[in-house]
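Since the structure comes first, as structure tokens, the remarks are kept for the end.
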Amino acid sequence: MPAAEGGDSRDLPQQAPLWYADLHIHSRYSRATSPLCTLKHLAAAAQRKGIALLGTGDFTHPGWMATIRDTLEPAEPGLFRLAGRKADGEAPGVPNPMPVRFMLTVEIATIHSQGGRVRRVHHVVCVPDLDTAEALNRELGEIGNLNADGRPMLGLSCRNLLEIVLECGARRGVRTVLFPAHIWTPWYAALGSKSGFDSLQACYGDLVEHIFCAETGLSSDPAMNRRLSSLDRFRMLSFSDAHSPEVVGREATRFSCTMNYDTLFRAVQGVEQGFEGTVELFPEHGKYYLDGHRKCDVCWQPVETRKHEGRCPQCGKPVTVGVLNRIEALADRRQPAKIPLDAPFRALIPLRTVVAQMLGMKTTGGKRVQARCRQILSTLGPELPLLDTLPIEEISRRGEPALAEMIGRMRRGQVARSGGYDGLFGTVRIDEE
Ligand SMILES: [Zn+2]
Ligand SMILES: [Zn+2]
């Protein structure tokens, strides 16, 4: 692999006003992922979505790390691109695809006992170069088996993982970053109802000052998080946690700063301009928005869960308490506060869901839906800018008046929602009236 030469931005657009990053994804080395999660397929998917910066995911896995070394080369400081740029034109049918950059990222699961309870928490770790990744891998490899899963599980406290990550960066004179993943997921999150904590302070202890951002996860949006004053100083980020290329970018974070590793994190921290908010699924769409038991067909709003004292009437066991309920339990505000740190976010419905509804189809995976999506992308460009920012009149003028109407309604929040629960995705449809 060629050495980094202090950055190279030859094929970035001169004044890219807004770009999208998705830093939490997985490779084919993580459990329950698609075999298509290769760097080339992920890059092509990113181009279709309009994601300019993608996490590699899984850099602690020796097999994936070998692939990264073979396939990527240094680009802007702290970032990488496909070597030889072969795949820059590999998103068939999308006009003028942006080149895709990669950042070395991994999701790490910790499990430990604290305060008499088993705590399972997921974290995302980012590093700026391969040698730092290898140094961190050597240390973490002493603690657990990095070969077992692209998202390794380590018997460590959250605080101690953070310490290892920070010290590894400090020793090498580079910035390493850790932030809590999908913070509200019941089982695997810093603030989750089943095995999390009541605050990030309790989770990361004396090192919490080194945490400056958190991933909201699919079932919450930034506003919901602003009901907790304890989260006020954290920037709210959104990423996809994709396990297959199709869902890359289903949530993402917008930036307008120069694309390099340190600048991005300075923008996230708020010491520099360039953080532009997030694009989100509607939180009801997420798998853990409401409470309930999927197997028992019990789905409750928080008020019903309280009425039943949290017990499922079918099986008698405690229901899975979802994100809305958990946020209400920990909130110290009735309404979300407006925080100066925040930038606007927008809730979106994936294009294939919009198109399936437009065609009157029940499922999003059929050939007709796929063909129509391809046709739309070929005239209107990548998915996220289309759903998020392309002027409605322009969508209409370029031959898609029906789609323009639907996207307009989606942007105004004219949607019917039924909340997900206990691992079952919710549904969100654009109102037809
Ligand atoms: Zn996770
Ligand atoms: Zn039950």
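So you can find residues: chains in the structure tokens are A, B, ... in the order shown, residues in each start at 1, and ligands are numbered from 1 in order.
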Which chain A residues have any atom within 7 Å of an atom of ligand 1, and for each, what is the nearest pair of atoms with distance in Å to one decimal, counting only C-alpha atoms and all ligand atoms, rows sorted by chain and number, as CSV?
residue,atom,partner,partner_atom_place_in_ligand_line,distance
A:Glu107,CA,ligand 1,1 (Zn),6.6
A:His122,CA,ligand 1,1 (Zn),5.1
A:Ala181,CA,ligand 1,1 (Zn),6.0
A:His182,CA,ligand 1,1 (Zn),6.6
A:Tyr188,CA,ligand 1,1 (Zn),6.5
Once you have the residues from the selection above, write them out as a short mmCIF file (atom, residue, chain, number, x, y, z; two decimals), in the first residue's frame, restricted to N, CA and C atoms.
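New file out_14.cif:
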data_model
loop_
_atom_site.label_atom_id
_atom_site.label_comp_id
_atom_site.auth_asym_id
_atom_site.auth_seq_id
_atom_site.Cartn_x
_atom_site.Cartn_y
_atom_site.Cartn_z
N GLU A 107 -17.42 -1.36 15.26
CA GLU A 107 -18.31 -1.40 16.42
C GLU A 107 -17.80 -2.48 17.37
N HIS A 122 -22.75 -1.29 23.18
CA HIS A 122 -22.03 -1.19 21.91
C HIS A 122 -21.44 0.21 21.74
N ALA A 181 -22.86 3.64 20.57
CA ALA A 181 -23.68 3.28 19.40
C ALA A 181 -25.15 3.21 19.81
N HIS A 182 -26.04 3.56 18.88
CA HIS A 182 -27.50 3.42 19.06
C HIS A 182 -27.89 3.38 20.54
N TYR A 188 -28.39 -3.57 24.02
CA TYR A 188 -26.97 -3.41 23.71
C TYR A 188 -26.55 -1.96 23.68
#
Inset, instruction - May I have the residues within 10 Å of ligand 2, computed using only C-alpha atoms and all ligand atoms, as a ChimeraX atom specification? - result: /A:292-299,311-320
Just to be explicit: take each residue in the selection above, keep all heavy atoms, and write the result as a tab-separated table (two decimals), in the first residue's frame.
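The file below, again23.tsv, is the result:
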chain	number	residue	atom	x	y	z
A	292	GLY	N	-43.32	-4.14	24.01
A	292	GLY	CA	-44.14	-5.30	23.71
A	292	GLY	C	-43.37	-6.59	23.60
A	292	GLY	O	-42.18	-6.67	23.94
A	293	HIS	N	-44.09	-7.61	23.14
A	293	HIS	CA	-43.54	-8.92	22.83
A	293	HIS	C	-43.95	-9.29	21.43
A	293	HIS	O	-45.15	-9.43	21.15
A	293	HIS	CB	-44.09	-9.99	23.79
A	293	HIS	CG	-43.23	-10.21	24.99
A	293	HIS	ND1	-43.64	-10.94	26.07
A	293	HIS	CD2	-41.97	-9.78	25.27
A	293	HIS	CE1	-42.66	-10.95	26.98
A	293	HIS	NE2	-41.67	-10.25	26.52
A	294	ARG	N	-42.96	-9.48	20.59
A	294	ARG	CA	-43.27	-9.84	19.21
A	294	ARG	C	-43.98	-11.20	19.16
A	294	ARG	O	-44.99	-11.36	18.49
A	294	ARG	CB	-41.96	-9.89	18.42
A	294	ARG	CG	-42.14	-10.40	17.03
A	294	ARG	CD	-41.11	-9.93	16.06
A	294	ARG	NE	-39.73	-10.14	16.48
A	294	ARG	CZ	-38.73	-10.25	15.59
A	294	ARG	NH1	-38.99	-10.17	14.30
A	294	ARG	NH2	-37.50	-10.39	15.99
A	295	LYS	N	-43.44	-12.20	19.88
A	295	LYS	CA	-44.00	-13.56	19.80
A	295	LYS	C	-45.42	-13.62	20.33
A	295	LYS	O	-46.22	-14.46	19.92
A	295	LYS	CB	-43.11	-14.54	20.56
A	295	LYS	CG	-41.84	-14.86	19.81
A	295	LYS	CD	-41.14	-16.08	20.41
A	295	LYS	CE	-39.75	-16.23	19.80
A	295	LYS	NZ	-38.67	-16.11	20.77
A	296	CYS	N	-45.74	-12.75	21.30
A	296	CYS	CA	-47.07	-12.78	21.91
A	296	CYS	C	-48.02	-11.79	21.24
A	296	CYS	O	-49.17	-11.66	21.68
A	296	CYS	CB	-46.96	-12.48	23.40
A	296	CYS	SG	-45.79	-13.54	24.25
A	297	ASP	N	-47.53	-11.09	20.21
A	297	ASP	CA	-48.37	-10.14	19.49
A	297	ASP	C	-48.88	-9.03	20.42
A	297	ASP	O	-50.01	-8.57	20.28
A	297	ASP	CB	-49.55	-10.89	18.85
A	297	ASP	CG	-49.98	-10.22	17.55
A	297	ASP	OD1	-49.24	-9.34	17.08
A	297	ASP	OD2	-51.05	-10.56	17.03
A	298	VAL	N	-48.04	-8.63	21.35
A	298	VAL	CA	-48.41	-7.55	22.28
A	298	VAL	C	-47.55	-6.32	21.94
A	298	VAL	O	-46.32	-6.40	21.96
A	298	VAL	CB	-48.15	-7.97	23.74
A	298	VAL	CG1	-48.24	-6.78	24.69
A	298	VAL	CG2	-49.13	-9.06	24.15
A	299	CYS	N	-48.23	-5.21	21.59
A	299	CYS	CA	-47.53	-3.97	21.27
A	299	CYS	C	-48.18	-2.84	22.03
A	299	CYS	O	-49.37	-2.58	21.86
A	299	CYS	CB	-47.60	-3.73	19.76
A	299	CYS	SG	-46.98	-2.11	19.28
A	311	ARG	N	-45.83	-6.27	32.54
A	311	ARG	CA	-45.91	-7.72	32.32
A	311	ARG	C	-46.76	-8.05	31.10
A	311	ARG	O	-47.86	-7.51	30.94
A	311	ARG	CB	-46.57	-8.40	33.53
A	311	ARG	CG	-45.75	-8.34	34.78
A	311	ARG	CD	-44.97	-9.63	35.01
A	311	ARG	NE	-43.85	-9.34	35.91
A	311	ARG	CZ	-42.74	-10.06	35.96
A	311	ARG	NH1	-42.58	-11.10	35.17
A	311	ARG	NH2	-41.77	-9.74	36.79
A	312	CYS	N	-46.28	-8.97	30.30
A	312	CYS	CA	-47.04	-9.42	29.13
A	312	CYS	C	-48.19	-10.31	29.58
A	312	CYS	O	-47.99	-11.27	30.32
A	312	CYS	CB	-46.10	-10.20	28.21
A	312	CYS	SG	-46.94	-11.03	26.87
A	313	PRO	N	-49.44	-10.01	29.17
A	313	PRO	CA	-50.58	-10.82	29.59
A	313	PRO	C	-50.58	-12.21	28.96
A	313	PRO	O	-51.22	-13.13	29.46
A	313	PRO	CB	-51.80	-10.02	29.12
A	313	PRO	CG	-51.29	-9.12	28.05
A	313	PRO	CD	-49.84	-8.90	28.31
A	314	GLN	N	-49.84	-12.40	27.89
A	314	GLN	CA	-49.80	-13.70	27.22
A	314	GLN	C	-48.85	-14.66	27.93
A	314	GLN	O	-49.21	-15.79	28.24
A	314	GLN	CB	-49.34	-13.55	25.77
A	314	GLN	CG	-50.22	-12.65	24.93
A	314	GLN	CD	-51.62	-13.22	24.75
A	314	GLN	OE1	-51.81	-14.42	24.59
A	314	GLN	NE2	-52.62	-12.35	24.82
A	315	CYS	N	-47.61	-14.21	28.18
A	315	CYS	CA	-46.59	-15.13	28.71
A	315	CYS	C	-46.18	-14.78	30.14
A	315	CYS	O	-45.46	-15.55	30.78
A	315	CYS	CB	-45.37	-15.16	27.80
A	315	CYS	SG	-44.42	-13.64	27.83
A	316	GLY	N	-46.61	-13.63	30.64
A	316	GLY	CA	-46.31	-13.28	32.02
A	316	GLY	C	-44.92	-12.70	32.24
A	316	GLY	O	-44.58	-12.28	33.35
A	317	LYS	N	-44.11	-12.69	31.20
A	317	LYS	CA	-42.74	-12.16	31.36
A	317	LYS	C	-42.74	-10.65	31.11
A	317	LYS	O	-43.65	-10.12	30.49
A	317	LYS	CB	-41.80	-12.85	30.37
A	317	LYS	CG	-41.65	-14.34	30.63
A	317	LYS	CD	-40.46	-14.89	29.86
A	317	LYS	CE	-40.40	-16.41	30.01
A	317	LYS	NZ	-40.49	-17.10	28.72
A	318	PRO	N	-41.68	-9.97	31.58
A	318	PRO	CA	-41.61	-8.52	31.31
A	318	PRO	C	-41.52	-8.26	29.80
A	318	PRO	O	-40.80	-8.96	29.10
A	318	PRO	CB	-40.31	-8.09	31.99
A	318	PRO	CG	-39.91	-9.21	32.89
A	318	PRO	CD	-40.54	-10.45	32.36
A	319	VAL	N	-42.28	-7.27	29.33
A	319	VAL	CA	-42.20	-6.93	27.91
A	319	VAL	C	-40.88	-6.22	27.63
A	319	VAL	O	-40.22	-5.73	28.54
A	319	VAL	CB	-43.37	-6.01	27.47
A	319	VAL	CG1	-44.70	-6.74	27.59
A	319	VAL	CG2	-43.37	-4.70	28.24
A	320	THR	N	-40.49	-6.20	26.36
A	320	THR	CA	-39.32	-5.44	25.96
A	320	THR	C	-39.68	-3.97	25.92
A	320	THR	O	-40.53	-3.55	25.13
A	320	THR	CB	-38.82	-5.90	24.58
A	320	THR	OG1	-38.55	-7.30	24.65
A	320	THR	CG2	-37.56	-5.15	24.18
Legend entry - Neighbour list for Pro391 of chain A as a list in words, cut-off 12 Å, only C-alpha atoms, skip fewer than 3 positions in-chain: Leu380, Pro385, Leu386, Leu387, Asp388, Glu394, Ile395, Ser396, Arg397, Arg398, Pro401, Ala404, Glu405, Ile407, Gly408 and Arg411 of chain A
Restrict the selected residues to C-alpha atoms and save them as a compact mmCIF listing (two decimals), in the first residue's frame.
# COMPACT_ATOMS: atom_id res chain seq x y z
CA LEU A 380 -32.50 12.60 -10.49
CA PRO A 385 -29.98 14.47 -1.83
CA LEU A 386 -33.14 13.58 -3.78
CA LEU A 387 -35.15 12.82 -0.65
CA ASP A 388 -33.53 15.48 1.51
CA GLU A 394 -37.13 20.32 -9.95
CA ILE A 395 -38.15 16.71 -9.28
CA SER A 396 -41.44 17.48 -10.99
CA ARG A 397 -39.87 19.35 -13.90
CA ARG A 398 -37.47 16.48 -14.55
CA PRO A 401 -44.47 14.87 -10.72
CA ALA A 404 -42.37 15.07 -6.29
CA GLU A 405 -45.79 15.16 -4.65
CA ILE A 407 -41.54 13.54 -1.39
CA GLY A 408 -43.16 16.89 -0.59
CA ARG A 411 -40.78 16.29 4.00
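Taking atom CA of His308 of chain A and atom CA of Tyr288 of chain A as the two end points, the separation is 18.7 Å.
Taking atom CA of Arg254 of chain A as the reference point, atom CA of Leu178 of chain A is found at 19.0 Å.
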Legend entry - Secondary structure check, strand (DSSP E or B) residues of segment 163-322 of chain A, as an MDAnalysis selection string: chainID A and resid 177:180 213:215 235:237 242 252:255 275:281 290:293 298:300 311 318 320
Just write the chosen residues, N, CA, C and O atoms, as a compact mmCIF listing (two decimals), in the first residue's frame.
# COMPACT_ATOMS: atom_id res chain seq x y z
N VAL A 177 -11.23 8.13 18.38
CA VAL A 177 -12.55 8.58 18.85
C VAL A 177 -13.41 7.37 19.19
O VAL A 177 -13.42 6.37 18.46
N LEU A 178 -14.12 7.46 20.32
CA LEU A 178 -15.11 6.46 20.67
C LEU A 178 -16.42 7.18 20.96
O LEU A 178 -16.43 8.20 21.64
N PHE A 179 -17.51 6.67 20.40
CA PHE A 179 -18.82 7.20 20.81
C PHE A 179 -19.79 6.04 20.99
O PHE A 179 -19.63 4.99 20.36
N PRO A 180 -20.77 6.20 21.89
CA PRO A 180 -21.71 5.11 22.13
C PRO A 180 -22.63 4.91 20.92
O PRO A 180 -23.10 5.88 20.33
N CYS A 213 -20.05 12.89 21.42
CA CYS A 213 -21.17 12.66 20.51
C CYS A 213 -21.74 11.28 20.78
O CYS A 213 -21.12 10.46 21.45
N ALA A 214 -22.95 11.06 20.28
CA ALA A 214 -23.62 9.78 20.50
C ALA A 214 -24.50 9.49 19.30
O ALA A 214 -25.02 10.41 18.66
N GLU A 215 -24.66 8.21 18.99
CA GLU A 215 -25.52 7.80 17.87
C GLU A 215 -26.93 7.58 18.39
O GLU A 215 -27.13 6.82 19.34
N ARG A 235 -23.23 15.94 20.83
CA ARG A 235 -23.74 16.08 19.48
C ARG A 235 -24.47 14.78 19.11
O ARG A 235 -23.98 13.70 19.38
N MET A 236 -25.63 14.92 18.49
CA MET A 236 -26.41 13.75 18.10
C MET A 236 -26.09 13.36 16.65
O MET A 236 -26.31 14.16 15.73
N LEU A 237 -25.59 12.16 16.47
CA LEU A 237 -25.22 11.67 15.15
C LEU A 237 -26.15 10.53 14.74
O LEU A 237 -26.73 9.87 15.60
N ALA A 242 -25.63 -0.55 8.95
CA ALA A 242 -26.02 -1.43 7.84
C ALA A 242 -25.37 -2.81 7.96
O ALA A 242 -24.18 -2.92 8.25
N ALA A 252 -27.95 9.00 8.29
CA ALA A 252 -26.61 9.54 7.97
C ALA A 252 -26.47 10.92 8.61
O ALA A 252 -27.45 11.52 9.04
N THR A 253 -25.21 11.39 8.66
CA THR A 253 -24.94 12.71 9.21
C THR A 253 -24.40 13.61 8.11
O THR A 253 -23.59 13.18 7.30
N ARG A 254 -24.93 14.85 8.07
CA ARG A 254 -24.53 15.81 7.03
C ARG A 254 -23.36 16.67 7.51
O ARG A 254 -23.32 17.08 8.67
N PHE A 255 -22.48 16.96 6.57
CA PHE A 255 -21.36 17.86 6.85
C PHE A 255 -21.17 18.84 5.71
O PHE A 255 -21.57 18.57 4.57
N PHE A 275 -20.81 20.91 10.85
CA PHE A 275 -21.79 19.87 11.18
C PHE A 275 -23.15 20.39 10.75
O PHE A 275 -23.54 21.49 11.12
N GLU A 276 -23.88 19.61 9.95
CA GLU A 276 -25.12 20.11 9.36
C GLU A 276 -26.33 19.26 9.72
O GLU A 276 -27.30 19.19 8.97
N GLY A 277 -26.26 18.55 10.86
CA GLY A 277 -27.43 17.78 11.28
C GLY A 277 -27.48 16.41 10.63
O GLY A 277 -26.51 15.93 10.06
N THR A 278 -28.63 15.78 10.74
CA THR A 278 -28.73 14.37 10.33
C THR A 278 -29.95 14.14 9.44
O THR A 278 -30.88 14.93 9.43
N VAL A 279 -29.91 13.04 8.71
CA VAL A 279 -31.12 12.50 8.09
C VAL A 279 -31.44 11.20 8.81
O VAL A 279 -30.56 10.43 9.16
N GLU A 280 -32.73 10.98 9.02
CA GLU A 280 -33.20 9.96 9.95
C GLU A 280 -34.30 9.15 9.29
O GLU A 280 -35.01 9.67 8.43
N LEU A 281 -34.49 7.94 9.77
CA LEU A 281 -35.79 7.29 9.55
C LEU A 281 -36.76 7.96 10.52
O LEU A 281 -36.35 8.51 11.55
N LEU A 290 -41.75 1.21 20.26
CA LEU A 290 -42.76 0.95 21.30
C LEU A 290 -42.35 -0.24 22.16
O LEU A 290 -41.29 -0.82 21.96
N ASP A 291 -43.21 -0.59 23.12
CA ASP A 291 -42.94 -1.72 24.02
C ASP A 291 -43.71 -2.95 23.53
O ASP A 291 -44.71 -2.83 22.83
N GLY A 292 -43.32 -4.14 24.01
CA GLY A 292 -44.14 -5.30 23.71
C GLY A 292 -43.37 -6.59 23.60
O GLY A 292 -42.18 -6.67 23.94
N HIS A 293 -44.09 -7.61 23.14
CA HIS A 293 -43.54 -8.92 22.83
C HIS A 293 -43.95 -9.29 21.43
O HIS A 293 -45.15 -9.43 21.15
N VAL A 298 -48.04 -8.63 21.35
CA VAL A 298 -48.41 -7.55 22.28
C VAL A 298 -47.55 -6.32 21.94
O VAL A 298 -46.32 -6.40 21.96
N CYS A 299 -48.23 -5.21 21.59
CA CYS A 299 -47.53 -3.97 21.27
C CYS A 299 -48.18 -2.84 22.03
O CYS A 299 -49.37 -2.58 21.86
N TRP A 300 -47.42 -2.17 22.88
CA TRP A 300 -47.97 -1.16 23.77
C TRP A 300 -47.31 0.19 23.64
O TRP A 300 -46.08 0.28 23.48
N ARG A 311 -45.83 -6.27 32.54
CA ARG A 311 -45.91 -7.72 32.32
C ARG A 311 -46.76 -8.05 31.10
O ARG A 311 -47.86 -7.51 30.94
N PRO A 318 -41.68 -9.97 31.58
CA PRO A 318 -41.61 -8.52 31.31
C PRO A 318 -41.52 -8.26 29.80
O PRO A 318 -40.80 -8.96 29.10
N THR A 320 -40.49 -6.20 26.36
CA THR A 320 -39.32 -5.44 25.96
C THR A 320 -39.68 -3.97 25.92
O THR A 320 -40.53 -3.55 25.13
Inset, instruction - Based on DSSP run over this structure's backbone, return all residues of segment 73-272 of chain A in helix (DSSP H, G or I), as a ChimeraX atom specification. - result: /A:83-89,130-141,158-172,200-210,222-225,229-231,245-247,261-269
Inset, instruction - Tell me which of A:Lys307, A:Lys367, A:His61, A:Arg346 sits closest to Pro283 of chain A, counting only C-alpha atoms. - result: A:Arg346
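Residues surrounding Arg69 of chain A within 12 Å are Met1, Pro2, Ala3, Leu39, Thr56, Phe59, Pro62, Gly63, Trp64, Pro74, Phe80, Arg81, Leu82, Ala83, Leu104, Asp129, Leu130, Asp131, Ala133 and Glu134 of chain A [only C-alpha atoms; sequence separation below 5 positions excluded].
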Dump N, CA, C and O atoms for the selected residues as a compact mmCIF listing (two decimals), in the first residue's frame?
# COMPACT_ATOMS: atom_id res chain seq x y z
N MET A 1 0.85 -1.21 0.00
CA MET A 1 0.00 0.00 0.00
C MET A 1 0.88 1.25 0.00
O MET A 1 1.82 1.35 0.78
N PRO A 2 0.62 2.21 -0.88
CA PRO A 2 1.45 3.42 -0.92
C PRO A 2 1.30 4.23 0.36
O PRO A 2 0.27 4.18 1.02
N ALA A 3 2.35 4.99 0.68
CA ALA A 3 2.31 5.81 1.90
C ALA A 3 1.41 7.02 1.70
O ALA A 3 1.24 7.50 0.57
N LEU A 39 -15.94 -4.19 0.19
CA LEU A 39 -15.68 -2.75 0.06
C LEU A 39 -16.23 -2.21 -1.26
O LEU A 39 -16.76 -1.10 -1.32
N THR A 56 -15.42 1.88 7.34
CA THR A 56 -15.09 0.53 6.84
C THR A 56 -15.85 -0.52 7.63
O THR A 56 -16.15 -1.58 7.13
N PHE A 59 -12.82 -3.07 11.58
CA PHE A 59 -11.37 -3.11 11.34
C PHE A 59 -10.61 -3.96 12.35
O PHE A 59 -9.43 -4.24 12.16
N PRO A 62 -9.18 -9.64 11.63
CA PRO A 62 -7.97 -9.82 10.81
C PRO A 62 -8.29 -10.01 9.33
O PRO A 62 -7.56 -9.48 8.47
N GLY A 63 -9.34 -10.74 8.99
CA GLY A 63 -9.67 -10.97 7.59
C GLY A 63 -10.08 -9.69 6.89
O GLY A 63 -9.66 -9.40 5.76
N TRP A 64 -10.90 -8.91 7.57
CA TRP A 64 -11.36 -7.64 6.98
C TRP A 64 -10.21 -6.64 6.90
O TRP A 64 -10.08 -5.90 5.93
N PRO A 74 -4.49 5.48 0.87
CA PRO A 74 -4.74 6.75 1.57
C PRO A 74 -5.27 7.82 0.62
O PRO A 74 -4.87 7.89 -0.55
N PHE A 80 -9.48 7.16 3.35
CA PHE A 80 -9.00 6.21 2.34
C PHE A 80 -9.97 6.19 1.15
O PHE A 80 -11.09 6.67 1.25
N ARG A 81 -9.49 5.61 0.05
CA ARG A 81 -10.37 5.39 -1.10
C ARG A 81 -10.00 4.05 -1.72
O ARG A 81 -8.95 3.48 -1.42
N LEU A 82 -10.86 3.57 -2.59
CA LEU A 82 -10.56 2.34 -3.30
C LEU A 82 -9.31 2.55 -4.14
O LEU A 82 -9.23 3.52 -4.89
N ALA A 83 -8.35 1.64 -4.02
CA ALA A 83 -7.10 1.79 -4.76
C ALA A 83 -7.37 1.67 -6.25
O ALA A 83 -8.16 0.85 -6.68
N LEU A 104 -11.56 4.38 8.88
CA LEU A 104 -11.41 3.13 9.62
C LEU A 104 -12.30 3.18 10.87
O LEU A 104 -12.09 4.01 11.76
N ASP A 129 -5.53 5.96 10.92
CA ASP A 129 -4.54 5.30 10.06
C ASP A 129 -4.42 3.82 10.39
O ASP A 129 -4.82 3.37 11.46
N LEU A 130 -3.83 3.08 9.45
CA LEU A 130 -3.77 1.62 9.57
C LEU A 130 -2.89 1.19 10.73
O LEU A 130 -3.20 0.21 11.42
N ASP A 131 -1.79 1.88 10.97
CA ASP A 131 -0.90 1.46 12.05
C ASP A 131 -1.56 1.63 13.42
O ASP A 131 -1.37 0.80 14.31
N ALA A 133 -4.78 1.42 13.88
CA ALA A 133 -5.76 0.33 13.92
C ALA A 133 -5.08 -0.97 14.34
O ALA A 133 -5.57 -1.70 15.21
N GLU A 134 -3.91 -1.25 13.76
CA GLU A 134 -3.20 -2.49 14.11
C GLU A 134 -2.74 -2.47 15.56
O GLU A 134 -2.80 -3.49 16.25
Inset, instruction - Go through A:Glu73, A:Gly270, A:Gly420, A:Thr216 and flag the residue nearest Pro340 of chain A, using only C-alpha atoms for the distances. - result: A:Gly270
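Of note, atom CA of Leu23 of chain A and atom CA of Asp241 of chain A are spaced 8.2 Å apart.
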Inset, instruction - Please provide the set of residues having any atom within 9 Å of Gly286 of chain A, restricted to only C-alpha atoms, with same-chain residues fewer than 5 positions apart removed, written as a PyMOL selection string. - result: chain A and resi 217-220+281+419-421+423-427
Would you mind exporting the chosen residues as a short mmCIF file (atom, residue, chain, number, x, y, z; two decimals), in the first residue's frame, restricted to N, CA, C and O atoms?
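The result, written out as again.cif:
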data_model
loop_
_atom_site.label_atom_id
_atom_site.label_comp_id
_atom_site.auth_asym_id
_atom_site.auth_seq_id
_atom_site.Cartn_x
_atom_site.Cartn_y
_atom_site.Cartn_z
N GLY A 217 -29.49 6.09 17.00
CA GLY A 217 -30.12 4.82 16.66
C GLY A 217 -31.39 5.05 15.84
O GLY A 217 -31.91 6.16 15.77
N LEU A 218 -31.90 3.98 15.25
CA LEU A 218 -33.03 4.12 14.33
C LEU A 218 -34.32 4.52 15.04
O LEU A 218 -35.17 5.20 14.47
N SER A 219 -34.49 4.11 16.30
CA SER A 219 -35.78 4.33 16.98
C SER A 219 -35.86 5.64 17.75
O SER A 219 -36.84 5.87 18.47
N SER A 220 -34.85 6.48 17.64
CA SER A 220 -34.99 7.81 18.25
C SER A 220 -34.44 8.84 17.29
O SER A 220 -33.62 8.53 16.42
N LEU A 281 -34.49 7.94 9.77
CA LEU A 281 -35.79 7.29 9.55
C LEU A 281 -36.76 7.96 10.52
O LEU A 281 -36.35 8.51 11.55
N GLY A 419 -45.72 2.09 15.06
CA GLY A 419 -44.40 1.95 15.69
C GLY A 419 -43.89 0.52 15.72
O GLY A 419 -44.65 -0.42 15.96
N GLY A 420 -42.59 0.35 15.52
CA GLY A 420 -41.95 -0.95 15.68
C GLY A 420 -41.83 -1.29 17.16
O GLY A 420 -41.94 -0.43 18.03
N TYR A 421 -41.62 -2.58 17.46
CA TYR A 421 -41.46 -3.01 18.85
C TYR A 421 -40.79 -4.36 18.90
O TYR A 421 -40.94 -5.17 17.98
N GLY A 423 -38.03 -5.74 18.28
CA GLY A 423 -37.27 -6.27 17.15
C GLY A 423 -38.01 -6.29 15.83
O GLY A 423 -37.44 -6.72 14.82
N LEU A 424 -39.26 -5.84 15.82
CA LEU A 424 -40.04 -5.81 14.58
C LEU A 424 -40.07 -4.37 14.05
O LEU A 424 -40.47 -3.45 14.78
N PHE A 425 -39.66 -4.19 12.79
CA PHE A 425 -39.69 -2.84 12.22
C PHE A 425 -41.12 -2.29 12.19
O PHE A 425 -42.07 -3.03 11.96
N GLY A 426 -41.27 -1.00 12.42
CA GLY A 426 -42.55 -0.34 12.25
C GLY A 426 -42.78 -0.01 10.78
O GLY A 426 -41.95 -0.30 9.93
N THR A 427 -43.94 0.59 10.49
CA THR A 427 -44.18 1.00 9.11
C THR A 427 -44.53 2.49 9.09
O THR A 427 -45.20 3.00 9.99
#
Legend entry - Spatial neighbours of segment 136-153 of chain A, max dist 8 Å, only C-alpha atoms, sep filter under 2 positions, as a list in words: His26, Ser27, Arg28, Tyr29, Ser30, Arg31, Gly57, Asp58, Phe59, Thr60, His61, Pro62, Gly63, Trp64, Val106, Glu107, Ile108, Ala109, Thr110, Ile111, Thr132, Ala133, Glu134, Gly155, Ile164, Val165 and Cys168 of chain A
Inset, instruction - Please identify all polymer residues within 12 Å of Glu246 of chain A, counting only C-alpha atoms, omitting same-chain residues fewer than 5 positions from it, and present them as a ChimeraX atom specification. - result: /A:25,33-34,36-37,41-49,240-241,350-352,364-365,370,383
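Nearest to Ala347 of chain A of all the residues A:Tyr204, A:Phe282, A:Phe239, A:Phe234 is A:Phe282, counting only C-alpha atoms.
Nearest residue to Leu341 of chain A, choosing from A:Leu191, A:Ala267, A:Cys158, A:Val323 and counting only C-alpha atoms: A:Ala267.
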